[in-house]
Amino acid sequence: MIRVDVQDKSFGSVRVLRDIRFDLPTDQTLALVGPSGVGKSTLLRLIAGIDTEFTGNIDRPDRIGIVFQEPTLLPWRSVLDNLRLVHPGLGRTACFAALDSVGLADKAGDFPGQLSLGQQRRLSLARGFGGAPELLIMDEPFVSLDDKTAEDMLTLTELLIAEVQPTTIFVTHAMSEAKRLATRVISLAGHPATIQSDQQKGD
Amino acid sequence: MACSRCLNDGTIMDLSVRALSLFGLLAIWTLAAWITADPQVLPTPYSLASPAWQAITSGDLPYHLGRTLLRVIGAFALAMSIGLALGLAMGLNPKLDQWLDPWLVVFLNLPALVLIVLCYLWIGLNETAAIIAVTLNKIPNVVTVIREGARALDPGLSAMARVFAMPFGTRLRHVTLPQLAPFIAGAARSGLAVIWKIVLVVEFLGRSDGIGFQIHLYFQLFDVTHVLIYAFSFIAVMLAVEWSLLQPWERRTRRWRTA
């Protein structure tokens, strides 16, 4: 169970988030939607524990995986090391299996700079799912990819979510992505942002 | 095939340019010696060979060179590790930076000679004072360079390391230090050169061995030949360090950029 209770988040004198409360049972996949600049990514950073300056409380599990908008890889370490250094508990075989699942097994020895952007995003996805996280956080993981690559990534994400079964929270602009992946959609609106609607699939 | 050949050509070209440039320096020196026409003031480069050989075979030069080298290594290791830790802490922590920055300015602008004299006066004419004096002289430079690097660290990677709960050691070695590598190399290169110069002054003023001591001795004897021999012996060592350690290390850490 993940419990989010953000009473207030401000940058200086600007209030960005207000009274955002929700519980997320295990295995749910939550999409956070809303207009750009509303504070979705800010909320995600609070939930991930990257930003700790806010009023409120967030209960989160220990094992968290994250997929950023940018691949955010270590360019000076090999593809394999990018996985292994982040998940020291993962053995060599498990790492290769993870790379294989995103179609990068033959790139293990390359540096991230030698990969295409699509491949870098897939490595970032493999890293997010590696180590079987209890909570997976994704910040617009399919943005700025061409249609085909985005579709491939989406299918891959569906597969990985089904396989690893983490509780997932992701931010997206596209309702189509939200409908396809999510079991629940929370939309944020307003300044400061509050929860405008909270829909479970099947409601 | 073609690529490996052009790489080889490149290295050979590189070496020949270096050799030619050094040869040019020797030629200017020879010309200057010839114009001066007084070996007491400026001996020709080739007239240094036989006294240099004598200094080496008698064991004098290796002994003093070894003493200086030990001091340089000691002070370098201390200054780099303390400077790295302090620079990183200051670069990552603006509050600490605010507090320590004025100290940094004070120590950056304190003349090396003043620090050396004070260390000898307060600690005594011993090895500890010598090493501390050199280290204190170098730390501020290392701190300023590393602090710039720490300020430029990628916040995205820090967030990634934080969420995935990477242990401190792993994070330092694989996330932070690779980003600082160019700054560390810069600090090390300028550091080595500055440190050995300060070590000579320290030896000149208050030690009874080392190249600085020998130069002091030959200065009092007006023996330009030996002053030059001792100076060049250390330059040779520094060139060897640069080419055999520093540059290969840099190439290795830069491999990912060119891959």
# chains A, B, ... in the order shown; residues from 1 in each chain; ligands from 1
$ closest_atom_pairs --of "chain B" --to "chain A" --cutoff "9 Å" --atoms "only C-alpha atoms" --output "tab-separated table"
residue	atom	partner	partner_atom	distance
B:Gly156	CA	A:Thr72	CA	6.3
B:Leu157	CA	A:Thr72	CA	6.0
B:Ser158	CA	A:Ile50	CA	8.9
B:Ala159	CA	A:Ile50	CA	5.8
B:Met160	CA	A:Thr72	CA	7.3
B:Ala161	CA	A:Val86	CA	7.6
B:Arg162	CA	A:Ile50	CA	6.9
B:Val163	CA	A:Ala48	CA	6.3
B:Phe164	CA	A:Gly65	CA	6.2
B:Ala165	CA	A:Val86	CA	8.1
B:Met166	CA	A:Val86	CA	6.2
B:Thr170	CA	A:Leu85	CA	7.3
B:Arg171	CA	A:Leu85	CA	8.8
B:His174	CA	A:Arg77	CA	7.7
B:Val175	CA	A:Leu74	CA	6.9
B:Pro178	CA	A:Trp76	CA	7.0
B:Gln179	CA	A:Trp76	CA	8.7
B:Thr253	CA	A:Trp76	CA	7.9
B:Arg254	CA	A:Trp76	CA	8.0
B:Arg255	CA	A:Trp76	CA	7.9
B:Trp256	CA	A:Trp76	CA	5.2
B:Arg257	CA	A:Trp76	CA	7.6
B:Ala259	CA	A:Gln114	CA	7.0
$ write_last_selection --atoms "C-alpha atoms" --output "compact mmCIF listing (two decimals), in the first residue's frame"
# COMPACT_ATOMS: atom_id res chain seq x y z
CA GLY B 156 19.22 13.90 -13.04
CA LEU B 157 21.86 11.30 -12.23
CA SER B 158 21.82 12.28 -8.54
CA ALA B 159 18.03 11.77 -8.49
CA MET B 160 18.44 8.41 -10.21
CA ALA B 161 21.09 7.25 -7.71
CA ARG B 162 18.88 8.41 -4.86
CA VAL B 163 15.68 6.66 -5.96
CA PHE B 164 17.50 3.40 -6.67
CA ALA B 165 19.21 3.78 -3.27
CA MET B 166 22.72 3.26 -4.63
CA THR B 170 29.12 2.86 -5.54
CA ARG B 171 27.62 6.26 -6.13
CA HIS B 174 30.49 5.28 -10.65
CA VAL B 175 28.28 8.38 -10.63
CA PRO B 178 33.50 9.99 -13.47
CA GLN B 179 31.76 13.36 -13.80
CA THR B 253 38.60 7.58 -18.35
CA ARG B 254 37.75 9.30 -21.66
CA ARG B 255 37.24 6.05 -23.55
CA TRP B 256 33.43 6.31 -23.38
CA ARG B 257 33.48 9.69 -25.14
CA ALA B 259 33.50 4.92 -28.34
$ residues_around --residues "Leu117 of chain A" --least-positions-apart "5" --cutoff "12 Å" --atoms "only C-alpha atoms" --output "list in words"
Gln69, Glu70, Pro71, Thr72, Leu73, Pro112, Arg122, Leu123, Ser124, Phe142, Val143, Ser144, Leu145, Asp146, Thr149, Ala150 and Met153 of chain A
$ write_last_selection --atoms "C-alpha atoms" --output "tab-separated table (two decimals), in the first residue's frame"
chain	number	residue	atom	x	y	z
A	69	GLN	CA	11.67	11.33	-19.22
A	70	GLU	CA	15.31	11.34	-20.29
A	71	PRO	CA	17.16	8.00	-20.25
A	72	THR	CA	19.43	9.29	-17.39
A	73	LEU	CA	22.11	6.62	-17.91
A	112	PRO	CA	25.06	4.25	-23.82
A	122	ARG	CA	14.58	0.72	-23.37
A	123	LEU	CA	17.70	0.35	-21.22
A	124	SER	CA	16.22	2.88	-18.82
A	142	PHE	CA	6.99	7.58	-24.03
A	143	VAL	CA	7.27	11.28	-24.77
A	144	SER	CA	9.27	12.55	-27.78
A	145	LEU	CA	9.59	9.15	-29.41
A	146	ASP	CA	8.38	8.48	-32.95
A	149	THR	CA	9.13	3.39	-31.10
A	150	ALA	CA	6.53	4.75	-28.67
A	153	MET	CA	7.87	0.89	-25.68
$ select_by_dssp --residues "segment 116-257 of chain B" --states "alpha helix (DSSP H)" --output "PyMOL selection string"
chain B and resi 116-123+127-151+155-163+168-171+177-206+211-220+224-241+247-253+255-257
$ residues_around --residues "segment 215-230 of chain B" --least-positions-apart "6" --cutoff "9 Å" --atoms "only C-alpha atoms" --output "VMD selection string"
chain B and resid 39 to 43 47 to 49 51 to 52 55 61 64 to 65 200 203 to 205
$ atom_distance --atom1 "atom CA of Leu135 of chain A" --atom2 "atom CA of Asp27 of chain A"
8.9 Å
$ residues_around --residues "Gly149 of chain B" --least-positions-apart "5" --cutoff "12 Å" --atoms "only C-alpha atoms" --output "PyMOL selection string"
chain B and resi 84+87-92+142-144+154+176-187
$ write_last_selection --atoms "C-alpha atoms" --output "PDB file, in the first residue's frame"
ATOM      1  CA  LEU B  84      38.830  16.575  -3.398  1.00  0.00           C
ATOM      2  CA  GLY B  87      35.797  20.744  -2.907  1.00  0.00           C
ATOM      3  CA  LEU B  88      33.079  18.131  -3.309  1.00  0.00           C
ATOM      4  CA  ALA B  89      31.513  19.026   0.055  1.00  0.00           C
ATOM      5  CA  MET B  90      31.581  22.742  -0.747  1.00  0.00           C
ATOM      6  CA  GLY B  91      30.257  22.274  -4.260  1.00  0.00           C
ATOM      7  CA  LEU B  92      27.336  20.149  -3.079  1.00  0.00           C
ATOM      8  CA  VAL B 142      42.416  21.741  -5.752  1.00  0.00           C
ATOM      9  CA  VAL B 143      39.332  22.864  -3.823  1.00  0.00           C
ATOM     10  CA  THR B 144      38.452  25.642  -6.290  1.00  0.00           C
ATOM     11  CA  ASP B 154      24.101  16.252 -13.280  1.00  0.00           C
ATOM     12  CA  THR B 176      30.172  11.272  -9.026  1.00  0.00           C
ATOM     13  CA  LEU B 177      33.879  10.713  -9.719  1.00  0.00           C
ATOM     14  CA  PRO B 178      33.495   9.993 -13.471  1.00  0.00           C
ATOM     15  CA  GLN B 179      31.760  13.362 -13.802  1.00  0.00           C
ATOM     16  CA  LEU B 180      34.637  14.990 -11.928  1.00  0.00           C
ATOM     17  CA  ALA B 181      37.383  13.180 -13.882  1.00  0.00           C
ATOM     18  CA  PRO B 182      38.317  16.134 -16.158  1.00  0.00           C
ATOM     19  CA  PHE B 183      38.438  18.431 -13.136  1.00  0.00           C
ATOM     20  CA  ILE B 184      40.539  15.934 -11.163  1.00  0.00           C
ATOM     21  CA  ALA B 185      42.937  15.561 -14.092  1.00  0.00           C
ATOM     22  CA  GLY B 186      43.242  19.346 -14.358  1.00  0.00           C
ATOM     23  CA  ALA B 187      43.874  19.743 -10.635  1.00  0.00           C
TER      24      ALA B 187
END
